Structures are given as structure tokens and as C-alpha cells.
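Data first, discussion second: the structure below is written as C-alpha cells.
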Amino acid sequence: EVQLQASGGGLVQAGGSLRLSCAASGFTFDSHSIGWFRQAPGKEREGVSCINSGDGSTSYADSVKGRFTISSDRAKSIFYLQMNSLKPEDTAVYYCAAERAVHNFGCGLGASEYDYWGQGTLVTVSS
């Protein structure tokens with residue numbers, strides 16, 4: 001069973017940076033995807049970024065392109081989301097999720113594609 005533990009959230013001023021971590025146990029780097037999602041109060045959960053653990057391909061929401069970077073550390077089974085140039089509108093609970101299905105390439109940002117979810121970590125960006 002895959003278990004995910006997200007961490008690294010906190011309070012940061014606009015323009016600052018945070019790095020989120022997602023520790024994945026029971027996860028195999030075999031072309032499964034890991035995604036980062038966020039949910040702000042009163043809003044639907046949205047996909048932020050994802051990475052295919054096999055070919056390393058990534059995808060980003062338009063709202064974070066050029067500011068966020070997703071990466072992985074195979075040896076530690078940890079996935080990261082480096083967030084730079086943070087804006088108040090980035091404030092949300094951030095979740096990492098893993099997909100059971102295997103894809104030869106690419107990954108998706110649809111929440112319904114993901115089967116395992118971490119508990120979420122709160123990111124607050126002050127103006």
C-alpha cells in the first residue's frame with residue numbers, strides 16, 4: 001500500500017520561496033505518476049504539477065509555470081515541489097498524490113487520476 005507524507009508548508013511573504021516534500025512509502029519508480037495539488041478555501045482542488053517517475057517528464061499548471069519546479073529523489077523516495085516567487089493566490093493546502101496506473105510517458109493534472117493521497121500541508125503567502 002502506498003502511503004504519502006507531505007511536509008514543508010508554512011507562512012512566507014510574497015516573493016519568497018518554500019520547498020514541499022512528499023515522502024512516499026510502498027511506492028515504486030515504475031512509471032507511476034506523482035502529482036501536487038492544492039485547495040484554497042472555497043475553491044476546488046486543482047492540479048499544480050506532476051512527474052512521471054519513469055521517464056521524468058513533468059507538467060505544470062499555467063498559473064505556476066516558471067515559478068514551481070517538481071523533482072524526485074529515487075534513493076530517498078521523496079518528491080519535491082520547489083516554489084519560488086510565491087504570490088498570495090498560492091495560499092492553499094497542498095497535497096501530494098500517487099497514481100496506481102502506469103504511463104510510459106507524461107503525467108496528468110486531473111485529481112480523479114490519482115489513487116493515493118497524502119494529508120496535506122498548509123502554505124500561506126502574505127502580501
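All residue names refer to the C-alpha cells as shown: chains lettered A, B, ... in order, residues numbered from 1 in each chain, ligands numbered from 1 in order.
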
Polymer residues at most 8 Å from Leu122 in chain A, only C-alpha atoms, same-chain spacing of 4 or more positions, as a PyMOL selection string
chain A and resi 9-10+91-94

Could you write out that same residue set with C-alpha atoms as a compact mmCIF listing (two decimals), in the first residue's frame?
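Saved file part-v5.txt follows:
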# COMPACT_ATOMS: atom_id res chain seq x y z
CA GLY A 9 4.38 24.18 4.32
CA GLY A 10 4.43 27.38 6.30
CA THR A 91 -2.17 30.21 -0.47
CA ALA A 92 -3.77 26.78 -0.10
CA VAL A 93 -3.45 23.35 1.42
CA TYR A 94 -1.06 21.40 -0.80

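The protein and nucleic acid residues lying at most 12 Å from Gln119 in chain A are Gln3, Leu4, Gln5, Ala6, Ser7, Gly9, Cys22, Ala23, Trp36, Phe37, Arg38, Val93, Tyr94, Tyr95, Cys96, Ala97, Tyr116, Trp117, Thr121 and Leu122 of chain A, with only C-alpha atoms considered and sequence neighbours fewer than 2 positions away removed.
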
Just the selected residues (N, CA and C atoms), exported as a PDB file, in the first residue's frame, please.
ATOM      1  N   GLN A   3       1.815   4.935   0.815  1.00  0.00           N
ATOM      2  CA  GLN A   3       1.500   5.970   1.799  1.00  0.00           C
ATOM      3  C   GLN A   3       2.334   7.202   1.492  1.00  0.00           C
ATOM      4  N   LEU A   4       1.706   8.357   1.603  1.00  0.00           N
ATOM      5  CA  LEU A   4       2.358   9.619   1.266  1.00  0.00           C
ATOM      6  C   LEU A   4       2.302  10.566   2.447  1.00  0.00           C
ATOM      7  N   GLN A   5       3.417  11.239   2.687  1.00  0.00           N
ATOM      8  CA  GLN A   5       3.507  12.188   3.795  1.00  0.00           C
ATOM      9  C   GLN A   5       4.047  13.508   3.254  1.00  0.00           C
ATOM     10  N   ALA A   6       3.196  14.514   3.200  1.00  0.00           N
ATOM     11  CA  ALA A   6       3.612  15.820   2.707  1.00  0.00           C
ATOM     12  C   ALA A   6       4.072  16.694   3.871  1.00  0.00           C
ATOM     13  N   SER A   7       5.066  17.520   3.611  1.00  0.00           N
ATOM     14  CA  SER A   7       5.569  18.434   4.635  1.00  0.00           C
ATOM     15  C   SER A   7       6.221  19.636   3.963  1.00  0.00           C
ATOM     16  N   GLY A   9       5.200  22.976   4.404  1.00  0.00           N
ATOM     17  CA  GLY A   9       4.383  24.182   4.318  1.00  0.00           C
ATOM     18  C   GLY A   9       4.726  25.171   5.416  1.00  0.00           C
ATOM     19  N   CYS A  22       7.357  15.295  -0.299  1.00  0.00           N
ATOM     20  CA  CYS A  22       6.379  14.222  -0.231  1.00  0.00           C
ATOM     21  C   CYS A  22       7.146  12.913  -0.102  1.00  0.00           C
ATOM     22  N   ALA A  23       7.126  12.343   1.091  1.00  0.00           N
ATOM     23  CA  ALA A  23       7.791  11.061   1.327  1.00  0.00           C
ATOM     24  C   ALA A  23       6.834   9.939   0.948  1.00  0.00           C
ATOM     25  N   TRP A  36       1.220  17.050  -7.453  1.00  0.00           N
ATOM     26  CA  TRP A  36       0.962  18.008  -6.377  1.00  0.00           C
ATOM     27  C   TRP A  36      -0.319  18.755  -6.718  1.00  0.00           C
ATOM     28  N   PHE A  37      -1.186  18.847  -5.743  1.00  0.00           N
ATOM     29  CA  PHE A  37      -2.451  19.538  -5.904  1.00  0.00           C
ATOM     30  C   PHE A  37      -2.591  20.556  -4.783  1.00  0.00           C
ATOM     31  N   ARG A  38      -3.492  21.488  -4.970  1.00  0.00           N
ATOM     32  CA  ARG A  38      -3.753  22.446  -3.897  1.00  0.00           C
ATOM     33  C   ARG A  38      -5.228  22.776  -3.856  1.00  0.00           C
ATOM     34  N   VAL A  93      -3.972  24.608   0.906  1.00  0.00           N
ATOM     35  CA  VAL A  93      -3.445  23.348   1.415  1.00  0.00           C
ATOM     36  C   VAL A  93      -2.932  22.571   0.214  1.00  0.00           C
ATOM     37  N   TYR A  94      -1.691  22.129   0.299  1.00  0.00           N
ATOM     38  CA  TYR A  94      -1.062  21.399  -0.800  1.00  0.00           C
ATOM     39  C   TYR A  94      -1.015  19.907  -0.464  1.00  0.00           C
ATOM     40  N   TYR A  95      -1.391  19.108  -1.439  1.00  0.00           N
ATOM     41  CA  TYR A  95      -1.432  17.666  -1.280  1.00  0.00           C
ATOM     42  C   TYR A  95      -0.539  17.007  -2.325  1.00  0.00           C
ATOM     43  N   CYS A  96       0.104  15.913  -1.949  1.00  0.00           N
ATOM     44  CA  CYS A  96       0.752  15.090  -2.953  1.00  0.00           C
ATOM     45  C   CYS A  96      -0.094  13.832  -3.135  1.00  0.00           C
ATOM     46  N   ALA A  97      -0.037  13.293  -4.322  1.00  0.00           N
ATOM     47  CA  ALA A  97      -0.854  12.138  -4.655  1.00  0.00           C
ATOM     48  C   ALA A  97      -0.083  11.237  -5.608  1.00  0.00           C
ATOM     49  N   TYR A 116      -3.858   7.562  -4.451  1.00  0.00           N
ATOM     50  CA  TYR A 116      -3.355   7.655  -3.084  1.00  0.00           C
ATOM     51  C   TYR A 116      -3.053   9.119  -2.785  1.00  0.00           C
ATOM     52  N   TRP A 117      -3.439   9.558  -1.598  1.00  0.00           N
ATOM     53  CA  TRP A 117      -3.294  10.970  -1.234  1.00  0.00           C
ATOM     54  C   TRP A 117      -2.612  11.110   0.124  1.00  0.00           C
ATOM     55  N   THR A 121      -0.396  19.882   3.402  1.00  0.00           N
ATOM     56  CA  THR A 121       0.416  20.816   4.178  1.00  0.00           C
ATOM     57  C   THR A 121       0.014  22.229   3.765  1.00  0.00           C
ATOM     58  N   LEU A 122      -0.164  23.093   4.756  1.00  0.00           N
ATOM     59  CA  LEU A 122      -0.697  24.430   4.511  1.00  0.00           C
ATOM     60  C   LEU A 122       0.406  25.400   4.114  1.00  0.00           C
TER      61      LEU A 122
END

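Of the residues listed (A:Thr28, A:Ser77, A:Ser17, A:Ser33), A:Ser33 shows the shortest atom-to-atom separation from Tyr114 in chain A; distances use only C-alpha atoms.
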
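Residues within 9 Å of Pro88 in chain A, counting only C-alpha atoms and excluding same-chain residues fewer than 3 positions away, are Gln13, Ala14, Thr91, Thr124, Val125, Ser126 and Ser127 of chain A.
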
Could you write out that same residue set with N, CA, C and O atoms as a short mmCIF file (atom, residue, chain, number, x, y, z; two decimals), in the first residue's frame?
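And here's again.cif as it stands now:
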data_model
loop_
_atom_site.label_atom_id
_atom_site.label_comp_id
_atom_site.auth_asym_id
_atom_site.auth_seq_id
_atom_site.Cartn_x
_atom_site.Cartn_y
_atom_site.Cartn_z
N GLN A 13 6.35 35.41 3.04
CA GLN A 13 5.93 36.66 2.40
C GLN A 13 5.91 36.50 0.89
O GLN A 13 6.62 35.66 0.32
N ALA A 14 5.10 37.31 0.26
CA ALA A 14 5.04 37.31 -1.20
C ALA A 14 6.45 37.52 -1.77
O ALA A 14 7.22 38.36 -1.27
N THR A 91 -1.74 30.69 -1.78
CA THR A 91 -2.17 30.21 -0.47
C THR A 91 -3.19 29.09 -0.61
O THR A 91 -4.21 29.26 -1.28
N THR A 124 0.83 29.43 3.35
CA THR A 124 0.20 30.73 3.46
C THR A 124 1.18 31.80 2.99
O THR A 124 2.30 31.88 3.51
N VAL A 125 0.76 32.57 1.99
CA VAL A 125 1.62 33.61 1.44
C VAL A 125 0.99 34.96 1.79
O VAL A 125 -0.12 35.27 1.37
N SER A 126 1.72 35.75 2.55
CA SER A 126 1.21 37.06 2.97
C SER A 126 1.64 38.13 1.98
O SER A 126 2.72 38.06 1.38
N SER A 127 0.80 39.14 1.84
CA SER A 127 1.10 40.22 0.88
C SER A 127 1.90 41.33 1.54
O SER A 127 2.09 41.37 2.74
#

Nearest to Gln39 in chain A among A:Glu1, A:Ala98, A:Arg67, A:Glu89, with distances taken over only C-alpha atoms: which residue is it?
A:Glu89

From the set A:Pro41, A:Cys50, A:Gln82, A:Gly108, which residue has the shortest atom-to-atom contact distance to Arg19 in chain A, counting only C-alpha atoms?
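For Arg19 in chain A, the nearest of the candidates is A:Gln82.
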
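Within 9 Å of range 57-63 of chain A there are A:Glu46, A:Gly47, A:Val48, A:Ser49, A:Cys50, A:Ile51, A:Asn52, A:Phe68, A:Thr69, A:Ile70, A:Ser71, A:Phe105, A:Gly106, A:Cys107, A:Gly108, A:Leu109, counting only C-alpha atoms and ignoring same-chain residues fewer than 5 positions away.
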
Save out the residues we just selected, N, CA and C atoms, as a short mmCIF file (atom, residue, chain, number, x, y, z; two decimals), in the first residue's frame.
data_model
loop_
_atom_site.label_atom_id
_atom_site.label_comp_id
_atom_site.auth_asym_id
_atom_site.auth_seq_id
_atom_site.Cartn_x
_atom_site.Cartn_y
_atom_site.Cartn_z
N GLU A 46 -7.11 21.80 -7.32
CA GLU A 46 -6.54 21.95 -8.65
C GLU A 46 -5.17 21.31 -8.73
N GLY A 47 -4.87 20.78 -9.89
CA GLY A 47 -3.56 20.20 -10.12
C GLY A 47 -2.52 21.30 -10.31
N VAL A 48 -1.40 21.15 -9.66
CA VAL A 48 -0.32 22.14 -9.73
C VAL A 48 0.82 21.63 -10.61
N SER A 49 1.25 20.42 -10.34
CA SER A 49 2.36 19.85 -11.09
C SER A 49 2.37 18.34 -10.92
N CYS A 50 3.00 17.66 -11.87
CA CYS A 50 3.13 16.21 -11.75
C CYS A 50 4.43 15.78 -12.41
N ILE A 51 4.86 14.56 -12.06
CA ILE A 51 6.07 14.00 -12.64
C ILE A 51 5.86 12.51 -12.85
N ASN A 52 6.30 12.02 -14.00
CA ASN A 52 6.27 10.60 -14.28
C ASN A 52 7.55 10.00 -13.70
N PHE A 68 7.37 27.24 -10.15
CA PHE A 68 7.42 26.00 -9.39
C PHE A 68 8.21 24.95 -10.18
N THR A 69 8.90 24.09 -9.45
CA THR A 69 9.64 23.00 -10.07
C THR A 69 9.43 21.73 -9.27
N ILE A 70 9.02 20.68 -9.96
CA ILE A 70 8.83 19.38 -9.33
C ILE A 70 10.05 18.52 -9.61
N SER A 71 10.45 17.71 -8.62
CA SER A 71 11.60 16.84 -8.80
C SER A 71 11.45 15.62 -7.90
N PHE A 105 4.93 7.54 -20.67
CA PHE A 105 5.44 8.90 -20.70
C PHE A 105 4.34 9.84 -20.23
N GLY A 106 4.76 10.97 -19.71
CA GLY A 106 3.82 12.01 -19.34
C GLY A 106 3.09 11.75 -18.04
N CYS A 107 2.35 12.74 -17.60
CA CYS A 107 1.53 12.65 -16.39
C CYS A 107 0.39 13.66 -16.52
N GLY A 108 -0.63 13.46 -15.71
CA GLY A 108 -1.80 14.33 -15.80
C GLY A 108 -2.05 15.11 -14.54
N LEU A 109 -2.82 16.18 -14.65
CA LEU A 109 -3.12 17.05 -13.52
C LEU A 109 -4.57 16.93 -13.04
#
